[in-house]
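Structure data follow from final.cif (mmCIF, C-alpha atoms):
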```
data_protein
#
loop_
_atom_site.label_atom_id
_atom_site.label_comp_id
_atom_site.auth_asym_id
_atom_site.auth_seq_id
_atom_site.Cartn_x
_atom_site.Cartn_y
_atom_site.Cartn_z
CA MET A 1 -36.76 -51.22 -57.18
CA LYS A 2 -33.50 -49.95 -55.75
CA ARG A 3 -32.59 -48.44 -59.11
CA LEU A 4 -35.94 -46.62 -59.23
CA PHE A 5 -35.26 -45.29 -55.73
CA HIS A 6 -31.86 -43.97 -56.83
CA ILE A 7 -33.27 -42.34 -59.98
CA SER A 8 -36.08 -40.71 -58.00
CA GLY A 9 -33.55 -39.36 -55.48
CA VAL A 10 -31.49 -37.78 -58.26
CA MET A 11 -34.68 -36.29 -59.74
CA LEU A 12 -35.57 -34.77 -56.37
CA VAL A 13 -32.15 -33.11 -56.12
CA LEU A 14 -32.44 -31.73 -59.67
CA LEU A 15 -35.94 -30.40 -58.98
CA LEU A 16 -34.76 -28.70 -55.78
CA LEU A 17 -32.01 -26.98 -57.80
CA PHE A 18 -34.26 -26.08 -60.73
CA LEU A 19 -35.91 -22.93 -59.37
CA PRO A 20 -32.92 -21.42 -57.47
CA ALA A 21 -30.51 -22.09 -60.34
CA GLY A 22 -32.96 -20.79 -62.94
CA MET A 23 -33.62 -17.55 -61.03
CA LEU A 24 -29.96 -16.88 -60.16
CA ILE A 25 -28.54 -17.57 -63.61
CA SER A 26 -31.29 -15.61 -65.37
CA SER A 27 -30.88 -12.67 -62.98
CA TYR A 28 -27.12 -12.59 -63.60
CA PHE A 29 -27.73 -12.09 -67.33
CA GLY A 30 -30.50 -9.52 -66.80
CA TYR A 31 -33.48 -11.82 -67.27
CA GLU A 32 -36.36 -13.09 -65.16
CA PHE A 33 -37.10 -16.80 -64.70
CA ALA A 34 -40.66 -17.86 -63.87
CA LEU A 35 -42.29 -21.25 -63.46
CA ALA A 36 -45.46 -22.00 -65.38
CA SER A 37 -47.12 -23.12 -62.13
CA MET A 38 -45.62 -22.67 -58.67
CA SER A 39 -48.41 -24.79 -57.15
CA ALA A 40 -47.62 -27.74 -59.43
CA TYR A 41 -43.89 -27.40 -58.70
CA THR A 42 -44.29 -27.41 -54.90
CA ILE A 43 -46.83 -30.26 -55.01
CA ILE A 44 -44.41 -32.38 -57.07
CA LEU A 45 -41.58 -31.68 -54.60
CA ALA A 46 -43.73 -32.53 -51.58
CA SER A 47 -45.13 -35.69 -53.22
CA LEU A 48 -41.76 -36.94 -54.49
CA SER A 49 -39.96 -36.42 -51.17
CA ALA A 50 -42.83 -38.04 -49.24
CA GLY A 51 -43.00 -40.93 -51.70
CA LEU A 52 -39.27 -41.60 -51.40
CA ALA A 53 -39.46 -41.58 -47.60
CA VAL A 54 -42.47 -43.92 -47.49
CA PHE A 55 -40.90 -46.24 -50.06
CA SER A 56 -37.68 -46.32 -48.03
CA ILE A 57 -39.54 -47.27 -44.84
CA ARG A 58 -41.81 -49.89 -46.41
CA THR A 59 -39.11 -51.65 -48.45
CA LYS A 60 -36.23 -51.02 -46.03
CA THR A 61 -34.14 -49.87 -48.98
CA VAL A 62 -30.41 -49.39 -48.34
CA THR A 63 -28.56 -47.01 -50.66
CA GLU A 64 -25.35 -48.48 -52.05
CA SER A 65 -24.35 -45.87 -54.64
CA GLY A 66 -21.76 -43.44 -53.27
CA ILE A 67 -22.96 -40.60 -55.49
CA VAL A 68 -26.58 -41.07 -54.40
CA LYS A 69 -25.51 -41.12 -50.74
CA VAL A 70 -23.78 -37.75 -51.23
CA LEU A 71 -26.86 -36.32 -52.95
CA PHE A 72 -29.10 -37.51 -50.11
CA ALA A 73 -26.73 -35.85 -47.64
CA LEU A 74 -27.31 -32.55 -49.47
CA LEU A 75 -31.11 -32.85 -49.61
CA THR A 76 -31.91 -31.00 -46.37
CA PRO A 77 -30.00 -27.74 -47.03
CA LEU A 78 -31.13 -27.81 -50.66
CA SER A 79 -34.76 -28.06 -49.54
CA LEU A 80 -34.28 -25.02 -47.29
CA VAL A 81 -32.65 -22.95 -50.04
CA ASN A 82 -35.40 -23.96 -52.44
CA ALA A 83 -38.01 -22.99 -49.84
CA VAL A 84 -36.66 -19.43 -49.73
CA PHE A 85 -36.89 -19.04 -53.52
CA CYS A 86 -40.39 -20.57 -53.59
CA LEU A 87 -41.60 -18.17 -50.90
CA LEU A 88 -40.07 -15.18 -52.68
CA VAL A 89 -42.29 -16.04 -55.65
CA SER A 90 -45.41 -17.07 -53.73
CA SER A 91 -46.14 -16.59 -50.02
CA SER A 92 -49.47 -18.45 -50.06
CA VAL A 93 -50.34 -20.87 -47.27
CA TRP A 94 -50.32 -23.73 -49.79
CA THR A 95 -46.72 -22.95 -50.80
CA VAL A 96 -45.61 -22.82 -47.17
CA VAL A 97 -47.29 -26.17 -46.41
CA CYS A 98 -45.72 -27.88 -49.43
CA VAL A 99 -42.18 -26.63 -48.78
CA LEU A 100 -42.53 -27.61 -45.11
CA ILE A 101 -43.59 -31.15 -46.09
CA CYS A 102 -40.67 -31.35 -48.51
CA PHE A 103 -38.22 -30.19 -45.83
CA VAL A 104 -39.43 -32.75 -43.26
CA PHE A 105 -39.09 -35.70 -45.62
CA CYS A 106 -35.78 -34.45 -47.03
CA LEU A 107 -34.50 -34.31 -43.45
CA PHE A 108 -35.58 -37.92 -42.94
CA LEU A 109 -33.86 -39.02 -46.18
CA THR A 110 -30.66 -37.20 -45.25
CA ILE A 111 -30.53 -38.80 -41.81
CA LYS A 112 -31.28 -42.29 -43.10
CA HIS A 113 -29.40 -42.40 -46.41
CA GLY A 114 -26.91 -39.52 -46.41
CA ASN A 115 -23.19 -40.30 -46.39
CA PRO A 116 -20.30 -39.87 -45.76
CA LEU A 117 -20.91 -39.15 -42.08
CA ALA A 118 -18.78 -35.99 -42.04
CA LEU A 119 -20.73 -34.47 -44.92
CA LYS A 120 -24.08 -35.48 -43.42
CA THR A 121 -23.16 -33.98 -40.04
CA THR A 122 -22.04 -30.75 -41.71
CA THR A 123 -25.18 -30.37 -43.82
CA LEU A 124 -27.46 -31.11 -40.88
CA ALA A 125 -25.63 -28.56 -38.73
CA LEU A 126 -25.88 -26.00 -41.53
CA SER A 127 -29.57 -26.77 -41.93
CA ALA A 128 -30.14 -26.26 -38.22
CA LEU A 129 -28.54 -22.80 -38.50
CA LEU A 130 -30.64 -21.94 -41.56
CA ALA A 131 -33.93 -23.26 -40.17
CA LEU A 132 -34.53 -20.44 -37.64
CA PRO A 133 -34.04 -17.44 -39.98
CA ILE A 134 -35.96 -19.18 -42.77
CA GLY A 135 -38.76 -19.99 -40.31
CA CYS A 136 -38.92 -16.32 -39.30
CA PHE A 137 -38.93 -15.38 -42.98
CA CYS A 138 -41.92 -17.68 -43.56
CA PHE A 139 -43.74 -16.15 -40.59
CA ILE A 140 -43.17 -12.59 -41.86
CA LEU A 141 -44.34 -13.48 -45.35
CA LEU A 142 -47.48 -15.24 -44.10
CA PHE A 143 -48.60 -12.50 -41.72
CA PHE A 144 -47.13 -9.31 -43.20
CA GLY A 145 -46.48 -10.12 -46.84
CA SER A 146 -49.96 -9.10 -47.94
CA ILE A 147 -49.84 -5.55 -46.49
CA GLY A 148 -48.43 -4.09 -49.67
CA GLN A 149 -50.52 -4.30 -52.85
CA THR A 150 -49.50 -3.47 -56.40
CA THR A 151 -52.05 -2.93 -59.14
CA VAL A 152 -51.45 -2.43 -62.85
CA VAL A 153 -53.81 0.44 -63.71
CA ASN A 154 -52.74 1.02 -67.32
CA SER A 155 -50.80 -0.81 -70.01
CA VAL A 156 -49.53 0.80 -73.22
CA GLU A 157 -47.81 -1.11 -76.02
CA SER A 158 -45.20 0.55 -78.25
CA PRO A 159 -46.16 1.07 -81.95
CA GLY A 160 -43.85 -1.71 -83.15
CA GLY A 161 -44.97 -4.09 -80.40
CA THR A 162 -41.42 -4.39 -79.02
CA TYR A 163 -42.12 -2.86 -75.60
CA CYS A 164 -45.00 -2.57 -73.18
CA ALA A 165 -45.26 0.12 -70.50
CA GLU A 166 -47.25 -0.56 -67.34
CA VAL A 167 -48.44 2.06 -64.88
CA ILE A 168 -48.36 0.44 -61.44
CA ASP A 169 -50.10 1.69 -58.32
CA SER A 170 -48.09 0.49 -55.30
CA ASP A 171 -50.02 0.79 -52.03
CA GLN A 172 -47.94 0.00 -48.92
CA GLY A 173 -50.64 0.78 -46.36
CA ALA A 174 -49.43 2.87 -43.43
CA LEU A 175 -45.99 3.04 -45.04
CA GLY A 176 -47.38 5.07 -47.93
CA GLY A 177 -47.02 4.17 -51.57
CA ASP A 178 -45.91 5.34 -54.97
CA THR A 179 -46.63 5.21 -58.68
CA LEU A 180 -44.27 3.32 -60.95
CA VAL A 181 -43.91 3.01 -64.68
CA GLU A 182 -42.19 -0.20 -65.77
CA VAL A 183 -41.21 -1.04 -69.34
CA TYR A 184 -40.45 -4.57 -70.47
CA GLU A 185 -39.61 -6.18 -73.76
CA LYS A 186 -42.34 -8.47 -75.03
CA SER A 187 -39.95 -11.14 -76.32
CA THR A 188 -40.19 -14.16 -74.03
CA PHE A 189 -38.68 -17.63 -74.22
CA ASN A 190 -41.34 -20.20 -73.36
CA GLY A 191 -39.95 -23.52 -72.19
CA TYR A 192 -43.42 -24.96 -71.48
CA PHE A 193 -42.64 -25.51 -67.77
CA PHE A 194 -41.00 -22.10 -67.39
CA THR A 195 -40.52 -18.75 -69.10
CA ILE A 196 -37.50 -16.47 -69.40
CA SER A 197 -37.94 -12.78 -70.15
CA ARG A 198 -35.96 -9.56 -69.78
CA LYS A 199 -36.26 -7.75 -66.47
CA PRO A 200 -38.59 -4.71 -66.66
CA GLN A 201 -37.01 -1.27 -66.38
CA ILE A 202 -38.44 1.16 -63.83
CA ILE A 203 -38.24 4.40 -65.80
CA TYR A 204 -40.49 6.55 -63.61
CA GLN A 205 -41.32 6.69 -59.91
CA GLY A 206 -43.66 9.26 -58.43
CA GLU A 207 -46.08 9.83 -55.59
CA TRP A 208 -48.94 7.46 -54.85
CA GLY A 209 -52.14 8.40 -56.68
CA GLU A 210 -50.41 9.97 -59.70
CA SER A 211 -51.73 7.17 -61.89
CA ARG A 212 -55.18 8.77 -61.89
CA SER A 213 -54.00 11.85 -63.79
CA MET A 214 -50.92 10.52 -65.57
CA GLU A 215 -50.66 11.10 -69.33
CA ILE A 216 -48.66 8.36 -71.00
CA HIS A 217 -48.15 7.41 -74.66
CA TRP A 218 -45.46 6.24 -77.05
CA LYS A 219 -43.88 8.82 -79.37
CA ASN A 220 -42.32 6.02 -81.39
CA ASN A 221 -41.22 2.43 -80.85
CA ARG A 222 -38.39 3.46 -78.48
CA CYS A 223 -39.55 6.71 -76.91
CA LEU A 224 -42.15 6.82 -74.12
CA VAL A 225 -43.77 10.10 -73.12
CA ILE A 226 -44.92 10.52 -69.49
CA ASN A 227 -46.53 13.85 -68.59
CA SER A 228 -44.75 15.54 -71.53
CA ALA A 229 -41.32 14.15 -70.49
CA GLU A 230 -39.62 11.80 -72.95
CA TYR A 231 -37.87 8.56 -71.93
CA GLU A 232 -35.71 6.69 -74.45
CA MET A 233 -35.43 2.92 -74.13
CA GLU A 234 -31.89 1.65 -73.69
#
```
As structure tokens, please, write out the structure in this file.
Amino acid sequence: MKRLFHISGVMLVLLLLFLPAGMLISSYFGYEFALASMSAYTIILASLSAGLAVFSIRTKTVTESGIVKVLFALLTPLSLVNAVFCLLVSSSVWTVVCVLICFVFCLFLTIKHGNPLALKTTTLALSALLALPIGCFCFILLFFGSIGQTTVVNSVESPGGTYCAEVIDSDQGALGGDTLVEVYEKSTFNGYFFTISRKPQIIYQGEWGESRSMEIHWKNNRCLVINSAEYEME
């Protein structure tokens, strides 16, 4: 049972790193990393952290592995960092609830099983400093994140099927808005649980409402024409 507890703890750490590491590494190389289901990911994190905490209380498990103790000491700040990346992708109430549950149980696991003491004290202090700005970030996303709305009003695929151009209507409410044209390559790596694709290029930005009268078509597989102006793909 103790071995299962240790393995589950390592899995929790790896899952907390999965989204932040995937997004940061992909972004560095000019790609976008996306999970197949953010809801499933956050539910698994919340359930696994809660299960570990309940199991620890009911069985009075004591961690003996030094490596596992270090990993448990890192759980709390990792859960906070992961929460930021989750909320950047989805600011739904369900996401907020799940990451909050995960944070609470990770805090419990860090306090009970984290070691050495110096590392645990440092990570808890760091987490306390991070908690307030991240909490404010959650509040802003929940209550103000839905003010802006983006709508894809037109989608045009290049003749060779390599690229796809999307005309996007971005409405920011009282702040105004604009019209964007983004082009992305259609090649995507599908890892079943996640996808990796090239970041779209914003090749045109105009005033809000232009999408209604915009003329857009592909001249060839690499040249997009917007209102008679030509844009070559890099």
Please compute the atom CA of Glu182 of chain A-atom CA of Val152 of chain A distance, one decimal, in Å.
10.0 Å
Within 6 Å of segment 60-75 of chain A, counting all atoms listed in the file, which residues qualify if same-chain residues fewer than 5 places away don't, as a PyMOL selection string?
chain A and resi 106+110+113-115+120
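Considering the residues A:Val97, A:Phe194, A:Glu166, A:Gln201 and counting all atoms listed in the file, Met214 of chain A has its shortest atom-to-atom contact with A:Glu166.
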Straight-line distance linking atom CA of Ser56 of chain A with atom CA of Ile7 of chain A, stated in Å to one decimal:
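Interatomic distance here is 13.3 Å.
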Env of segment 17-21 of chain A: 7 Å cut, atoms = all atoms listed in the file, seq-sep filter 3 positions within chain, self excluded. Answer as a ChimeraX atom specification.
/A:13-14,24-25,82,85
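Considering all atoms listed in the file, the residue among A:Glu215, A:Arg3, A:Ser91, A:Met38 positioned nearest to Phe137 of chain A is A:Ser91.
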For the file shown, what are the residues hit by the PyMOL selection byres ((chain A and resi 131) around 12), laid out as a PyMOL selection string?
chain A and resi 76-81+83-84+100+103-104+107+123-130+132-138
Quick one, how far is atom CA of Val156 of chain A from atom CA of Val181 of chain A?
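Computed distance, atom CA of Val156 of chain A to atom CA of Val181 of chain A, equals 10.5 Å.
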Write out N, CA, C and O atoms for segment 34-46 of chain A, as a PDB file, keeping the file's coordinate frame.
```
ATOM      1  N   ALA A  34     -39.381 -17.607 -64.548  1.00  0.00           N
ATOM      2  CA  ALA A  34     -40.660 -17.860 -63.870  1.00  0.00           C
ATOM      3  C   ALA A  34     -41.182 -19.239 -64.228  1.00  0.00           C
ATOM      4  O   ALA A  34     -41.126 -19.655 -65.394  1.00  0.00           O
ATOM      5  N   LEU A  35     -41.686 -19.940 -63.227  1.00  0.00           N
ATOM      6  CA  LEU A  35     -42.290 -21.250 -63.460  1.00  0.00           C
ATOM      7  C   LEU A  35     -43.695 -21.080 -64.023  1.00  0.00           C
ATOM      8  O   LEU A  35     -44.382 -20.104 -63.713  1.00  0.00           O
ATOM      9  N   ALA A  36     -44.104 -22.043 -64.824  1.00  0.00           N
ATOM     10  CA  ALA A  36     -45.460 -22.000 -65.380  1.00  0.00           C
ATOM     11  C   ALA A  36     -46.494 -22.127 -64.269  1.00  0.00           C
ATOM     12  O   ALA A  36     -47.550 -21.495 -64.315  1.00  0.00           O
ATOM     13  N   SER A  37     -46.194 -22.942 -63.252  1.00  0.00           N
ATOM     14  CA  SER A  37     -47.120 -23.120 -62.130  1.00  0.00           C
ATOM     15  C   SER A  37     -46.324 -23.412 -60.856  1.00  0.00           C
ATOM     16  O   SER A  37     -45.749 -24.494 -60.719  1.00  0.00           O
ATOM     17  N   MET A  38     -46.308 -22.462 -59.938  1.00  0.00           N
ATOM     18  CA  MET A  38     -45.620 -22.670 -58.670  1.00  0.00           C
ATOM     19  C   MET A  38     -46.325 -23.737 -57.839  1.00  0.00           C
ATOM     20  O   MET A  38     -45.677 -24.539 -57.157  1.00  0.00           O
ATOM     21  N   SER A  39     -47.654 -23.783 -57.910  1.00  0.00           N
ATOM     22  CA  SER A  39     -48.410 -24.790 -57.150  1.00  0.00           C
ATOM     23  C   SER A  39     -48.031 -26.200 -57.586  1.00  0.00           C
ATOM     24  O   SER A  39     -47.783 -27.077 -56.755  1.00  0.00           O
ATOM     25  N   ALA A  40     -47.978 -26.414 -58.910  1.00  0.00           N
ATOM     26  CA  ALA A  40     -47.620 -27.740 -59.430  1.00  0.00           C
ATOM     27  C   ALA A  40     -46.206 -28.118 -59.006  1.00  0.00           C
ATOM     28  O   ALA A  40     -45.934 -29.265 -58.627  1.00  0.00           O
ATOM     29  N   TYR A  41     -45.295 -27.152 -59.062  1.00  0.00           N
ATOM     30  CA  TYR A  41     -43.890 -27.400 -58.700  1.00  0.00           C
ATOM     31  C   TYR A  41     -43.770 -27.830 -57.237  1.00  0.00           C
ATOM     32  O   TYR A  41     -43.099 -28.827 -56.919  1.00  0.00           O
ATOM     33  N   THR A  42     -44.408 -27.097 -56.327  1.00  0.00           N
ATOM     34  CA  THR A  42     -44.290 -27.410 -54.900  1.00  0.00           C
ATOM     35  C   THR A  42     -45.008 -28.718 -54.556  1.00  0.00           C
ATOM     36  O   THR A  42     -44.560 -29.467 -53.685  1.00  0.00           O
ATOM     37  N   ILE A  43     -46.116 -28.997 -55.249  1.00  0.00           N
ATOM     38  CA  ILE A  43     -46.830 -30.260 -55.010  1.00  0.00           C
ATOM     39  C   ILE A  43     -45.965 -31.441 -55.440  1.00  0.00           C
ATOM     40  O   ILE A  43     -45.886 -32.469 -54.743  1.00  0.00           O
ATOM     41  N   ILE A  44     -45.301 -31.309 -56.584  1.00  0.00           N
ATOM     42  CA  ILE A  44     -44.410 -32.380 -57.070  1.00  0.00           C
ATOM     43  C   ILE A  44     -43.269 -32.616 -56.086  1.00  0.00           C
ATOM     44  O   ILE A  44     -42.934 -33.766 -55.759  1.00  0.00           O
ATOM     45  N   LEU A  45     -42.670 -31.546 -55.578  1.00  0.00           N
ATOM     46  CA  LEU A  45     -41.580 -31.680 -54.600  1.00  0.00           C
ATOM     47  C   LEU A  45     -42.054 -32.380 -53.338  1.00  0.00           C
ATOM     48  O   LEU A  45     -41.384 -33.285 -52.827  1.00  0.00           O
ATOM     49  N   ALA A  46     -43.194 -31.936 -52.814  1.00  0.00           N
ATOM     50  CA  ALA A  46     -43.730 -32.530 -51.580  1.00  0.00           C
ATOM     51  C   ALA A  46     -44.073 -34.000 -51.802  1.00  0.00           C
ATOM     52  O   ALA A  46     -43.760 -34.864 -50.969  1.00  0.00           O
TER      53      ALA A  46
END
```
